[in-house]
Amino acid sequence: MKKFTLAVVAVLFAAGVFAQDYKNSIGIRLGSGNYDVAAVAFKTFLNGPGALEFDLGFNSEKAGGVKWTNVALSGAYQHHFPIANIEGFKWFVGGGAILSNTFINDGNVDGGFNVGIFPTGGVDYKLKNAPFAFSADIRPTFHIVNGYDHYSGFYANGGVTARYTF
């Protein structure tokens with residue numbers, strides 16, 4: 001019985017160490033990618049350390065009389081780890097995928113549908129006395145379907161996010 005009690009206490013302690021500081025959050029992600037310079041970001045925790053983040057991103061640019069617009073949806077799994085004893089501050093690693101479509105007004109160049117995969121890593125901080133969380137991440141993206149030549153191969157991407165937590 002003592003071993004069972006000790007095991008239960010150990011599991012509860014471990015769950016407390018990895019407990020998230022919030023369940024859901026929604027906000028804005030500003031990224032360095034051409035396909036998601038600005039995005040609506042939603043994050044939800046599945047269990048203690050595991051979370052899913054979904055971003056609906058947009059970018060519209062004009063260069064030399066050619067205008068293109070990108071719309072992207074990305075989803076990533078993130079596994080969080082505490083940083084020292086700083087309450088609300090965690091680092092994470094994971095991976096995900098991005099689907100994007102490029103709309104372009106140049107008759108010589110076709111837009112198209114793109115698919116990419118990425119590893120991700122970053123930090124997440126939840127304010128102690130306010131319902132806000134902030135994060136910074138990197139997402140080096142490898143495009144496996146290129147409907148638009150601009151996204152051929154590897155593309156570096158990083159971003160910062162500010163979210164309301166609930």
# chains A, B, ... in the order shown; residues from 1 in each chain; ligands from 1
>>> residues_around(residues="stretch 83-92 of chain A", least_positions_apart="3", cutoff="9 Å", atoms="only C-alpha atoms", output="list in words")
Gln20, Asp21, Pro49, Gln78, His79, His80, Thr120, Gly121, Gly122, Val123, Asp124, Tyr125, Lys126, Leu127, Lys128, Ala133 and Asp137 of chain A
>>> atom_distance(atom1="atom CA of A:Ala97", atom2="atom CA of A:Ala76")
6.6 Å
>>> select_by_dssp(residues="chain A", states="strand (DSSP E)", output="PDB file with N, CA and C atoms, in the first residue's frame")
ATOM      1  N   ASN A  24      -7.138  27.444 -22.919  1.00  0.00           N
ATOM      2  CA  ASN A  24      -7.287  27.917 -24.292  1.00  0.00           C
ATOM      3  C   ASN A  24      -6.806  29.359 -24.405  1.00  0.00           C
ATOM      4  N   SER A  25      -6.452  29.744 -25.624  1.00  0.00           N
ATOM      5  CA  SER A  25      -6.077  31.135 -25.866  1.00  0.00           C
ATOM      6  C   SER A  25      -6.318  31.472 -27.334  1.00  0.00           C
ATOM      7  N   ILE A  26      -6.573  32.749 -27.580  1.00  0.00           N
ATOM      8  CA  ILE A  26      -6.767  33.230 -28.941  1.00  0.00           C
ATOM      9  C   ILE A  26      -6.134  34.605 -29.059  1.00  0.00           C
ATOM     10  N   GLY A  27      -5.519  34.879 -30.218  1.00  0.00           N
ATOM     11  CA  GLY A  27      -4.864  36.167 -30.386  1.00  0.00           C
ATOM     12  C   GLY A  27      -4.295  36.347 -31.772  1.00  0.00           C
ATOM     13  N   ILE A  28      -3.214  37.107 -31.841  1.00  0.00           N
ATOM     14  CA  ILE A  28      -2.578  37.483 -33.101  1.00  0.00           C
ATOM     15  C   ILE A  28      -1.140  36.977 -33.122  1.00  0.00           C
ATOM     16  N   ARG A  29      -0.756  36.373 -34.258  1.00  0.00           N
ATOM     17  CA  ARG A  29       0.642  35.968 -34.480  1.00  0.00           C
ATOM     18  C   ARG A  29       1.186  36.788 -35.636  1.00  0.00           C
ATOM     19  N   LEU A  30       2.325  37.418 -35.414  1.00  0.00           N
ATOM     20  CA  LEU A  30       3.029  38.141 -36.465  1.00  0.00           C
ATOM     21  C   LEU A  30       4.236  37.310 -36.854  1.00  0.00           C
ATOM     22  N   GLY A  31       4.306  36.927 -38.133  1.00  0.00           N
ATOM     23  CA  GLY A  31       5.358  36.022 -38.575  1.00  0.00           C
ATOM     24  C   GLY A  31       6.242  36.619 -39.638  1.00  0.00           C
ATOM     25  N   ALA A  38       0.587  37.991 -40.914  1.00  0.00           N
ATOM     26  CA  ALA A  38      -0.348  38.233 -39.812  1.00  0.00           C
ATOM     27  C   ALA A  38      -1.326  37.063 -39.761  1.00  0.00           C
ATOM     28  N   ALA A  39      -1.582  36.573 -38.536  1.00  0.00           N
ATOM     29  CA  ALA A  39      -2.459  35.409 -38.405  1.00  0.00           C
ATOM     30  C   ALA A  39      -3.292  35.502 -37.136  1.00  0.00           C
ATOM     31  N   VAL A  40      -4.473  34.900 -37.196  1.00  0.00           N
ATOM     32  CA  VAL A  40      -5.276  34.675 -36.007  1.00  0.00           C
ATOM     33  C   VAL A  40      -4.777  33.357 -35.423  1.00  0.00           C
ATOM     34  N   ALA A  41      -4.401  33.368 -34.152  1.00  0.00           N
ATOM     35  CA  ALA A  41      -3.793  32.195 -33.521  1.00  0.00           C
ATOM     36  C   ALA A  41      -4.687  31.664 -32.404  1.00  0.00           C
ATOM     37  N   PHE A  42      -4.937  30.357 -32.418  1.00  0.00           N
ATOM     38  CA  PHE A  42      -5.702  29.680 -31.364  1.00  0.00           C
ATOM     39  C   PHE A  42      -4.857  28.543 -30.821  1.00  0.00           C
ATOM     40  N   LYS A  43      -4.768  28.451 -29.487  1.00  0.00           N
ATOM     41  CA  LYS A  43      -3.992  27.392 -28.843  1.00  0.00           C
ATOM     42  C   LYS A  43      -4.848  26.740 -27.765  1.00  0.00           C
ATOM     43  N   THR A  44      -4.821  25.409 -27.731  1.00  0.00           N
ATOM     44  CA  THR A  44      -5.560  24.667 -26.708  1.00  0.00           C
ATOM     45  C   THR A  44      -4.679  23.548 -26.170  1.00  0.00           C
ATOM     46  N   PHE A  45      -4.696  23.376 -24.862  1.00  0.00           N
ATOM     47  CA  PHE A  45      -3.939  22.303 -24.239  1.00  0.00           C
ATOM     48  C   PHE A  45      -4.785  21.039 -24.205  1.00  0.00           C
ATOM     49  N   GLY A  50       0.931  18.903 -23.369  1.00  0.00           N
ATOM     50  CA  GLY A  50       0.664  18.874 -24.803  1.00  0.00           C
ATOM     51  C   GLY A  50      -0.369  19.891 -25.234  1.00  0.00           C
ATOM     52  N   ALA A  51      -0.094  20.586 -26.349  1.00  0.00           N
ATOM     53  CA  ALA A  51      -1.016  21.598 -26.857  1.00  0.00           C
ATOM     54  C   ALA A  51      -1.057  21.542 -28.378  1.00  0.00           C
ATOM     55  N   LEU A  52      -2.178  22.016 -28.925  1.00  0.00           N
ATOM     56  CA  LEU A  52      -2.322  22.213 -30.361  1.00  0.00           C
ATOM     57  C   LEU A  52      -2.450  23.706 -30.616  1.00  0.00           C
ATOM     58  N   GLU A  53      -1.758  24.188 -31.655  1.00  0.00           N
ATOM     59  CA  GLU A  53      -1.905  25.578 -32.052  1.00  0.00           C
ATOM     60  C   GLU A  53      -2.318  25.619 -33.518  1.00  0.00           C
ATOM     61  N   PHE A  54      -3.345  26.418 -33.814  1.00  0.00           N
ATOM     62  CA  PHE A  54      -3.838  26.602 -35.172  1.00  0.00           C
ATOM     63  C   PHE A  54      -3.743  28.086 -35.517  1.00  0.00           C
ATOM     64  N   ASP A  55      -3.237  28.379 -36.707  1.00  0.00           N
ATOM     65  CA  ASP A  55      -3.094  29.760 -37.152  1.00  0.00           C
ATOM     66  C   ASP A  55      -3.714  29.921 -38.535  1.00  0.00           C
ATOM     67  N   LEU A  56      -4.528  30.952 -38.702  1.00  0.00           N
ATOM     68  CA  LEU A  56      -5.096  31.314 -39.993  1.00  0.00           C
ATOM     69  C   LEU A  56      -4.398  32.603 -40.414  1.00  0.00           C
ATOM     70  N   GLY A  57      -3.464  32.484 -41.385  1.00  0.00           N
ATOM     71  CA  GLY A  57      -2.597  33.596 -41.728  1.00  0.00           C
ATOM     72  C   GLY A  57      -2.902  34.212 -43.072  1.00  0.00           C
ATOM     73  N   PHE A  58      -2.496  35.477 -43.209  1.00  0.00           N
ATOM     74  CA  PHE A  58      -2.714  36.247 -44.425  1.00  0.00           C
ATOM     75  C   PHE A  58      -1.465  37.049 -44.753  1.00  0.00           C
ATOM     76  N   ASN A  59      -1.286  37.322 -46.029  1.00  0.00           N
ATOM     77  CA  ASN A  59      -0.266  38.256 -46.480  1.00  0.00           C
ATOM     78  C   ASN A  59      -0.677  38.760 -47.851  1.00  0.00           C
ATOM     79  N   SER A  60      -0.518  40.046 -48.058  1.00  0.00           N
ATOM     80  CA  SER A  60      -0.818  40.647 -49.348  1.00  0.00           C
ATOM     81  C   SER A  60       0.326  41.590 -49.685  1.00  0.00           C
ATOM     82  N   GLU A  61       0.907  41.419 -50.869  1.00  0.00           N
ATOM     83  CA  GLU A  61       2.042  42.245 -51.274  1.00  0.00           C
ATOM     84  C   GLU A  61       1.883  42.670 -52.723  1.00  0.00           C
ATOM     85  N   LYS A  62       2.583  43.747 -53.046  1.00  0.00           N
ATOM     86  CA  LYS A  62       2.592  44.235 -54.420  1.00  0.00           C
ATOM     87  C   LYS A  62       4.025  44.619 -54.756  1.00  0.00           C
ATOM     88  N   ALA A  63       4.516  44.121 -55.894  1.00  0.00           N
ATOM     89  CA  ALA A  63       5.871  44.452 -56.336  1.00  0.00           C
ATOM     90  C   ALA A  63       5.882  44.530 -57.854  1.00  0.00           C
ATOM     91  N   VAL A  66       2.743  43.695 -59.835  1.00  0.00           N
ATOM     92  CA  VAL A  66       2.156  42.380 -59.598  1.00  0.00           C
ATOM     93  C   VAL A  66       1.714  42.315 -58.138  1.00  0.00           C
ATOM     94  N   LYS A  67       0.464  41.917 -57.938  1.00  0.00           N
ATOM     95  CA  LYS A  67      -0.065  41.799 -56.585  1.00  0.00           C
ATOM     96  C   LYS A  67      -0.381  40.336 -56.306  1.00  0.00           C
ATOM     97  N   TRP A  68       0.024  39.858 -55.133  1.00  0.00           N
ATOM     98  CA  TRP A  68      -0.334  38.508 -54.744  1.00  0.00           C
ATOM     99  C   TRP A  68      -0.812  38.500 -53.301  1.00  0.00           C
ATOM    100  N   THR A  69      -1.695  37.578 -53.031  1.00  0.00           N
ATOM    101  CA  THR A  69      -2.257  37.411 -51.700  1.00  0.00           C
ATOM    102  C   THR A  69      -2.138  35.948 -51.323  1.00  0.00           C
ATOM    103  N   ASN A  70      -1.724  35.713 -50.104  1.00  0.00           N
ATOM    104  CA  ASN A  70      -1.614  34.353 -49.580  1.00  0.00           C
ATOM    105  C   ASN A  70      -2.556  34.175 -48.406  1.00  0.00           C
ATOM    106  N   VAL A  71      -3.184  33.025 -48.343  1.00  0.00           N
ATOM    107  CA  VAL A  71      -4.016  32.618 -47.222  1.00  0.00           C
ATOM    108  C   VAL A  71      -3.473  31.271 -46.769  1.00  0.00           C
ATOM    109  N   ALA A  72      -3.205  31.136 -45.475  1.00  0.00           N
ATOM    110  CA  ALA A  72      -2.574  29.914 -44.972  1.00  0.00           C
ATOM    111  C   ALA A  72      -3.252  29.433 -43.701  1.00  0.00           C
ATOM    112  N   LEU A  73      -3.319  28.122 -43.549  1.00  0.00           N
ATOM    113  CA  LEU A  73      -3.802  27.484 -42.322  1.00  0.00           C
ATOM    114  C   LEU A  73      -2.710  26.537 -41.854  1.00  0.00           C
ATOM    115  N   SER A  74      -2.238  26.748 -40.631  1.00  0.00           N
ATOM    116  CA  SER A  74      -1.219  25.856 -40.081  1.00  0.00           C
ATOM    117  C   SER A  74      -1.722  25.261 -38.767  1.00  0.00           C
ATOM    118  N   GLY A  75      -1.232  24.075 -38.493  1.00  0.00           N
ATOM    119  CA  GLY A  75      -1.541  23.396 -37.243  1.00  0.00           C
ATOM    120  C   GLY A  75      -0.284  22.733 -36.723  1.00  0.00           C
ATOM    121  N   ALA A  76      -0.066  22.821 -35.402  1.00  0.00           N
ATOM    122  CA  ALA A  76       1.148  22.246 -34.822  1.00  0.00           C
ATOM    123  C   ALA A  76       0.851  21.639 -33.457  1.00  0.00           C
ATOM    124  N   TYR A  77       1.544  20.552 -33.171  1.00  0.00           N
ATOM    125  CA  TYR A  77       1.546  19.988 -31.820  1.00  0.00           C
ATOM    126  C   TYR A  77       2.762  20.555 -31.103  1.00  0.00           C
ATOM    127  N   GLN A  78       2.567  20.983 -29.852  1.00  0.00           N
ATOM    128  CA  GLN A  78       3.660  21.526 -29.046  1.00  0.00           C
ATOM    129  C   GLN A  78       3.691  20.798 -27.705  1.00  0.00           C
ATOM    130  N   HIS A  79       4.885  20.378 -27.304  1.00  0.00           N
ATOM    131  CA  HIS A  79       5.072  19.756 -25.992  1.00  0.00           C
ATOM    132  C   HIS A  79       5.843  20.746 -25.126  1.00  0.00           C
ATOM    133  N   HIS A  80       5.245  21.159 -23.995  1.00  0.00           N
ATOM    134  CA  HIS A  80       5.796  22.218 -23.150  1.00  0.00           C
ATOM    135  C   HIS A  80       6.591  21.656 -21.965  1.00  0.00           C
ATOM    136  N   PHE A  81       7.643  22.397 -21.603  1.00  0.00           N
ATOM    137  CA  PHE A  81       8.495  22.059 -20.470  1.00  0.00           C
ATOM    138  C   PHE A  81       8.713  23.322 -19.642  1.00  0.00           C
ATOM    139  N   PRO A  82       8.691  23.210 -18.307  1.00  0.00           N
ATOM    140  CA  PRO A  82       8.928  24.404 -17.484  1.00  0.00           C
ATOM    141  C   PRO A  82      10.366  24.898 -17.623  1.00  0.00           C
ATOM    142  N   PHE A  89       6.347  30.399 -17.307  1.00  0.00           N
ATOM    143  CA  PHE A  89       7.334  30.464 -18.386  1.00  0.00           C
ATOM    144  C   PHE A  89       7.733  29.052 -18.786  1.00  0.00           C
ATOM    145  N   LYS A  90       7.500  28.705 -20.059  1.00  0.00           N
ATOM    146  CA  LYS A  90       7.789  27.356 -20.550  1.00  0.00           C
ATOM    147  C   LYS A  90       8.442  27.427 -21.923  1.00  0.00           C
ATOM    148  N   TRP A  91       9.187  26.390 -22.283  1.00  0.00           N
ATOM    149  CA  TRP A  91       9.687  26.236 -23.639  1.00  0.00           C
ATOM    150  C   TRP A  91       8.973  25.060 -24.258  1.00  0.00           C
ATOM    151  N   PHE A  92       8.932  25.014 -25.586  1.00  0.00           N
ATOM    152  CA  PHE A  92       8.206  23.929 -26.245  1.00  0.00           C
ATOM    153  C   PHE A  92       8.920  23.506 -27.518  1.00  0.00           C
ATOM    154  N   VAL A  93       8.642  22.266 -27.901  1.00  0.00           N
ATOM    155  CA  VAL A  93       9.098  21.707 -29.173  1.00  0.00           C
ATOM    156  C   VAL A  93       7.930  20.942 -29.777  1.00  0.00           C
ATOM    157  N   GLY A  94       7.964  20.741 -31.069  1.00  0.00           N
ATOM    158  CA  GLY A  94       6.893  19.996 -31.720  1.00  0.00           C
ATOM    159  C   GLY A  94       7.050  20.033 -33.224  1.00  0.00           C
ATOM    160  N   GLY A  95       5.924  19.918 -33.896  1.00  0.00           N
ATOM    161  CA  GLY A  95       5.938  19.930 -35.350  1.00  0.00           C
ATOM    162  C   GLY A  95       4.539  20.122 -35.882  1.00  0.00           C
ATOM    163  N   GLY A  96       4.463  20.429 -37.176  1.00  0.00           N
ATOM    164  CA  GLY A  96       3.158  20.649 -37.761  1.00  0.00           C
ATOM    165  C   GLY A  96       3.199  20.730 -39.273  1.00  0.00           C
ATOM    166  N   ALA A  97       2.091  21.216 -39.817  1.00  0.00           N
ATOM    167  CA  ALA A  97       1.944  21.329 -41.264  1.00  0.00           C
ATOM    168  C   ALA A  97       1.242  22.638 -41.595  1.00  0.00           C
ATOM    169  N   ILE A  98       1.483  23.100 -42.816  1.00  0.00           N
ATOM    170  CA  ILE A  98       0.837  24.321 -43.283  1.00  0.00           C
ATOM    171  C   ILE A  98       0.260  24.083 -44.675  1.00  0.00           C
ATOM    172  N   LEU A  99      -0.952  24.573 -44.876  1.00  0.00           N
ATOM    173  CA  LEU A  99      -1.620  24.559 -46.178  1.00  0.00           C
ATOM    174  C   LEU A  99      -1.809  26.018 -46.565  1.00  0.00           C
ATOM    175  N   SER A 100      -1.405  26.384 -47.772  1.00  0.00           N
ATOM    176  CA  SER A 100      -1.575  27.769 -48.190  1.00  0.00           C
ATOM    177  C   SER A 100      -1.974  27.839 -49.655  1.00  0.00           C
ATOM    178  N   ASN A 101      -2.589  28.947 -50.013  1.00  0.00           N
ATOM    179  CA  ASN A 101      -2.954  29.182 -51.402  1.00  0.00           C
ATOM    180  C   ASN A 101      -2.500  30.580 -51.785  1.00  0.00           C
ATOM    181  N   THR A 102      -1.901  30.695 -52.953  1.00  0.00           N
ATOM    182  CA  THR A 102      -1.415  31.970 -53.455  1.00  0.00           C
ATOM    183  C   THR A 102      -2.313  32.422 -54.597  1.00  0.00           C
ATOM    184  N   PHE A 103      -2.838  33.627 -54.469  1.00  0.00           N
ATOM    185  CA  PHE A 103      -3.641  34.246 -55.510  1.00  0.00           C
ATOM    186  C   PHE A 103      -2.793  35.362 -56.106  1.00  0.00           C
ATOM    187  N   ILE A 104      -2.646  35.390 -57.440  1.00  0.00           N
ATOM    188  CA  ILE A 104      -1.760  36.359 -58.079  1.00  0.00           C
ATOM    189  C   ILE A 104      -2.432  36.924 -59.328  1.00  0.00           C
ATOM    190  N   GLY A 112      -1.234  29.208 -56.717  1.00  0.00           N
ATOM    191  CA  GLY A 112      -1.553  27.813 -56.493  1.00  0.00           C
ATOM    192  C   GLY A 112      -1.512  27.398 -55.049  1.00  0.00           C
ATOM    193  N   PHE A 113      -1.760  26.113 -54.853  1.00  0.00           N
ATOM    194  CA  PHE A 113      -1.875  25.496 -53.543  1.00  0.00           C
ATOM    195  C   PHE A 113      -0.512  24.962 -53.109  1.00  0.00           C
ATOM    196  N   ASN A 114      -0.141  25.217 -51.854  1.00  0.00           N
ATOM    197  CA  ASN A 114       1.148  24.808 -51.303  1.00  0.00           C
ATOM    198  C   ASN A 114       0.936  24.011 -50.024  1.00  0.00           C
ATOM    199  N   VAL A 115       1.809  23.039 -49.778  1.00  0.00           N
ATOM    200  CA  VAL A 115       1.775  22.246 -48.546  1.00  0.00           C
ATOM    201  C   VAL A 115       3.192  22.184 -47.999  1.00  0.00           C
ATOM    202  N   GLY A 116       3.327  22.450 -46.713  1.00  0.00           N
ATOM    203  CA  GLY A 116       4.632  22.372 -46.078  1.00  0.00           C
ATOM    204  C   GLY A 116       4.549  21.706 -44.716  1.00  0.00           C
ATOM    205  N   ILE A 117       5.670  21.200 -44.255  1.00  0.00           N
ATOM    206  CA  ILE A 117       5.774  20.628 -42.912  1.00  0.00           C
ATOM    207  C   ILE A 117       6.897  21.354 -42.187  1.00  0.00           C
ATOM    208  N   PHE A 118       6.806  21.393 -40.854  1.00  0.00           N
ATOM    209  CA  PHE A 118       7.823  22.115 -40.096  1.00  0.00           C
ATOM    210  C   PHE A 118       7.984  21.548 -38.693  1.00  0.00           C
ATOM    211  N   PRO A 119       9.244  21.568 -38.203  1.00  0.00           N
ATOM    212  CA  PRO A 119       9.452  21.392 -36.777  1.00  0.00           C
ATOM    213  C   PRO A 119       9.240  22.768 -36.144  1.00  0.00           C
ATOM    214  N   THR A 120       8.937  22.806 -34.878  1.00  0.00           N
ATOM    215  CA  THR A 120       8.759  24.095 -34.215  1.00  0.00           C
ATOM    216  C   THR A 120       9.372  24.054 -32.822  1.00  0.00           C
ATOM    217  N   GLY A 121       9.775  25.203 -32.367  1.00  0.00           N
ATOM    218  CA  GLY A 121      10.304  25.351 -31.020  1.00  0.00           C
ATOM    219  C   GLY A 121      10.174  26.795 -30.601  1.00  0.00           C
ATOM    220  N   GLY A 122      10.080  27.004 -29.289  1.00  0.00           N
ATOM    221  CA  GLY A 122       9.956  28.373 -28.822  1.00  0.00           C
ATOM    222  C   GLY A 122       9.713  28.450 -27.336  1.00  0.00           C
ATOM    223  N   VAL A 123       9.279  29.622 -26.910  1.00  0.00           N
ATOM    224  CA  VAL A 123       8.970  29.871 -25.505  1.00  0.00           C
ATOM    225  C   VAL A 123       7.565  30.447 -25.397  1.00  0.00           C
ATOM    226  N   ASP A 124       6.939  30.208 -24.247  1.00  0.00           N
ATOM    227  CA  ASP A 124       5.583  30.671 -23.984  1.00  0.00           C
ATOM    228  C   ASP A 124       5.554  31.221 -22.566  1.00  0.00           C
ATOM    229  N   TYR A 125       4.989  32.405 -22.392  1.00  0.00           N
ATOM    230  CA  TYR A 125       4.905  33.011 -21.065  1.00  0.00           C
ATOM    231  C   TYR A 125       3.483  33.485 -20.805  1.00  0.00           C
ATOM    232  N   LYS A 126       2.885  33.019 -19.726  1.00  0.00           N
ATOM    233  CA  LYS A 126       1.541  33.427 -19.282  1.00  0.00           C
ATOM    234  C   LYS A 126       1.713  34.395 -18.125  1.00  0.00           C
ATOM    235  N   PHE A 132      -3.355  36.969 -20.194  1.00  0.00           N
ATOM    236  CA  PHE A 132      -2.627  37.112 -21.449  1.00  0.00           C
ATOM    237  C   PHE A 132      -1.403  36.203 -21.464  1.00  0.00           C
ATOM    238  N   ALA A 133      -1.116  35.671 -22.659  1.00  0.00           N
ATOM    239  CA  ALA A 133       0.072  34.847 -22.860  1.00  0.00           C
ATOM    240  C   ALA A 133       0.814  35.371 -24.091  1.00  0.00           C
ATOM    241  N   PHE A 134       2.131  35.245 -24.055  1.00  0.00           N
ATOM    242  CA  PHE A 134       2.974  35.700 -25.151  1.00  0.00           C
ATOM    243  C   PHE A 134       3.928  34.575 -25.523  1.00  0.00           C
ATOM    244  N   SER A 135       4.228  34.449 -26.805  1.00  0.00           N
ATOM    245  CA  SER A 135       5.165  33.411 -27.213  1.00  0.00           C
ATOM    246  C   SER A 135       6.002  33.887 -28.388  1.00  0.00           C
ATOM    247  N   ALA A 136       7.124  33.215 -28.566  1.00  0.00           N
ATOM    248  CA  ALA A 136       7.999  33.416 -29.718  1.00  0.00           C
ATOM    249  C   ALA A 136       8.386  32.035 -30.214  1.00  0.00           C
ATOM    250  N   ASP A 137       8.413  31.856 -31.537  1.00  0.00           N
ATOM    251  CA  ASP A 137       8.711  30.531 -32.073  1.00  0.00           C
ATOM    252  C   ASP A 137       9.491  30.624 -33.364  1.00  0.00           C
ATOM    253  N   ILE A 138      10.067  29.486 -33.745  1.00  0.00           N
ATOM    254  CA  ILE A 138      10.666  29.336 -35.063  1.00  0.00           C
ATOM    255  C   ILE A 138      10.017  28.128 -35.719  1.00  0.00           C
ATOM    256  N   THR A 141      10.225  25.792 -42.497  1.00  0.00           N
ATOM    257  CA  THR A 141       9.224  25.054 -43.267  1.00  0.00           C
ATOM    258  C   THR A 141       9.834  24.434 -44.523  1.00  0.00           C
ATOM    259  N   PHE A 142       9.498  23.178 -44.744  1.00  0.00           N
ATOM    260  CA  PHE A 142       9.922  22.443 -45.927  1.00  0.00           C
ATOM    261  C   PHE A 142       8.680  22.226 -46.791  1.00  0.00           C
ATOM    262  N   HIS A 143       8.612  22.878 -47.938  1.00  0.00           N
ATOM    263  CA  HIS A 143       7.442  22.747 -48.809  1.00  0.00           C
ATOM    264  C   HIS A 143       7.554  21.471 -49.631  1.00  0.00           C
ATOM    265  N   ILE A 144       6.492  20.663 -49.563  1.00  0.00           N
ATOM    266  CA  ILE A 144       6.473  19.390 -50.286  1.00  0.00           C
ATOM    267  C   ILE A 144       5.534  19.438 -51.490  1.00  0.00           C
ATOM    268  N   VAL A 145       4.639  20.419 -51.518  1.00  0.00           N
ATOM    269  CA  VAL A 145       3.794  20.688 -52.688  1.00  0.00           C
ATOM    270  C   VAL A 145       3.941  22.173 -52.970  1.00  0.00           C
ATOM    271  N   PHE A 154      13.022  24.916 -48.999  1.00  0.00           N
ATOM    272  CA  PHE A 154      13.080  25.324 -47.596  1.00  0.00           C
ATOM    273  C   PHE A 154      12.757  26.798 -47.442  1.00  0.00           C
ATOM    274  N   TYR A 155      12.014  27.134 -46.383  1.00  0.00           N
ATOM    275  CA  TYR A 155      11.682  28.519 -46.106  1.00  0.00           C
ATOM    276  C   TYR A 155      11.721  28.750 -44.601  1.00  0.00           C
ATOM    277  N   GLY A 158       9.584  32.492 -38.517  1.00  0.00           N
ATOM    278  CA  GLY A 158       9.530  32.684 -37.074  1.00  0.00           C
ATOM    279  C   GLY A 158       8.434  33.681 -36.766  1.00  0.00           C
ATOM    280  N   GLY A 159       8.046  33.752 -35.520  1.00  0.00           N
ATOM    281  CA  GLY A 159       6.986  34.687 -35.188  1.00  0.00           C
ATOM    282  C   GLY A 159       6.859  34.958 -33.708  1.00  0.00           C
ATOM    283  N   VAL A 160       6.067  35.971 -33.399  1.00  0.00           N
ATOM    284  CA  VAL A 160       5.700  36.308 -32.022  1.00  0.00           C
ATOM    285  C   VAL A 160       4.178  36.337 -31.953  1.00  0.00           C
ATOM    286  N   THR A 161       3.659  35.925 -30.797  1.00  0.00           N
ATOM    287  CA  THR A 161       2.220  35.818 -30.623  1.00  0.00           C
ATOM    288  C   THR A 161       1.792  36.456 -29.312  1.00  0.00           C
ATOM    289  N   ALA A 162       0.670  37.162 -29.340  1.00  0.00           N
ATOM    290  CA  ALA A 162       0.029  37.697 -28.129  1.00  0.00           C
ATOM    291  C   ALA A 162      -1.393  37.139 -28.130  1.00  0.00           C
ATOM    292  N   ARG A 163      -1.771  36.475 -27.010  1.00  0.00           N
ATOM    293  CA  ARG A 163      -3.070  35.807 -26.954  1.00  0.00           C
ATOM    294  C   ARG A 163      -3.790  36.111 -25.645  1.00  0.00           C
ATOM    295  N   TYR A 164      -5.107  36.169 -25.724  1.00  0.00           N
ATOM    296  CA  TYR A 164      -5.988  36.248 -24.552  1.00  0.00           C
ATOM    297  C   TYR A 164      -6.262  34.822 -24.098  1.00  0.00           C
ATOM    298  N   THR A 165      -6.118  34.551 -22.813  1.00  0.00           N
ATOM    299  CA  THR A 165      -6.297  33.185 -22.303  1.00  0.00           C
ATOM    300  C   THR A 165      -7.663  33.036 -21.621  1.00  0.00           C
TER     301      THR A 165
END
>>> atom_distance(atom1="atom CA of A:Gly111", atom2="atom CA of A:Gly147")
6.3 Å
>>> atom_distance(atom1="atom CA of A:Asn105", atom2="atom CA of A:Gly33")
20.3 Å
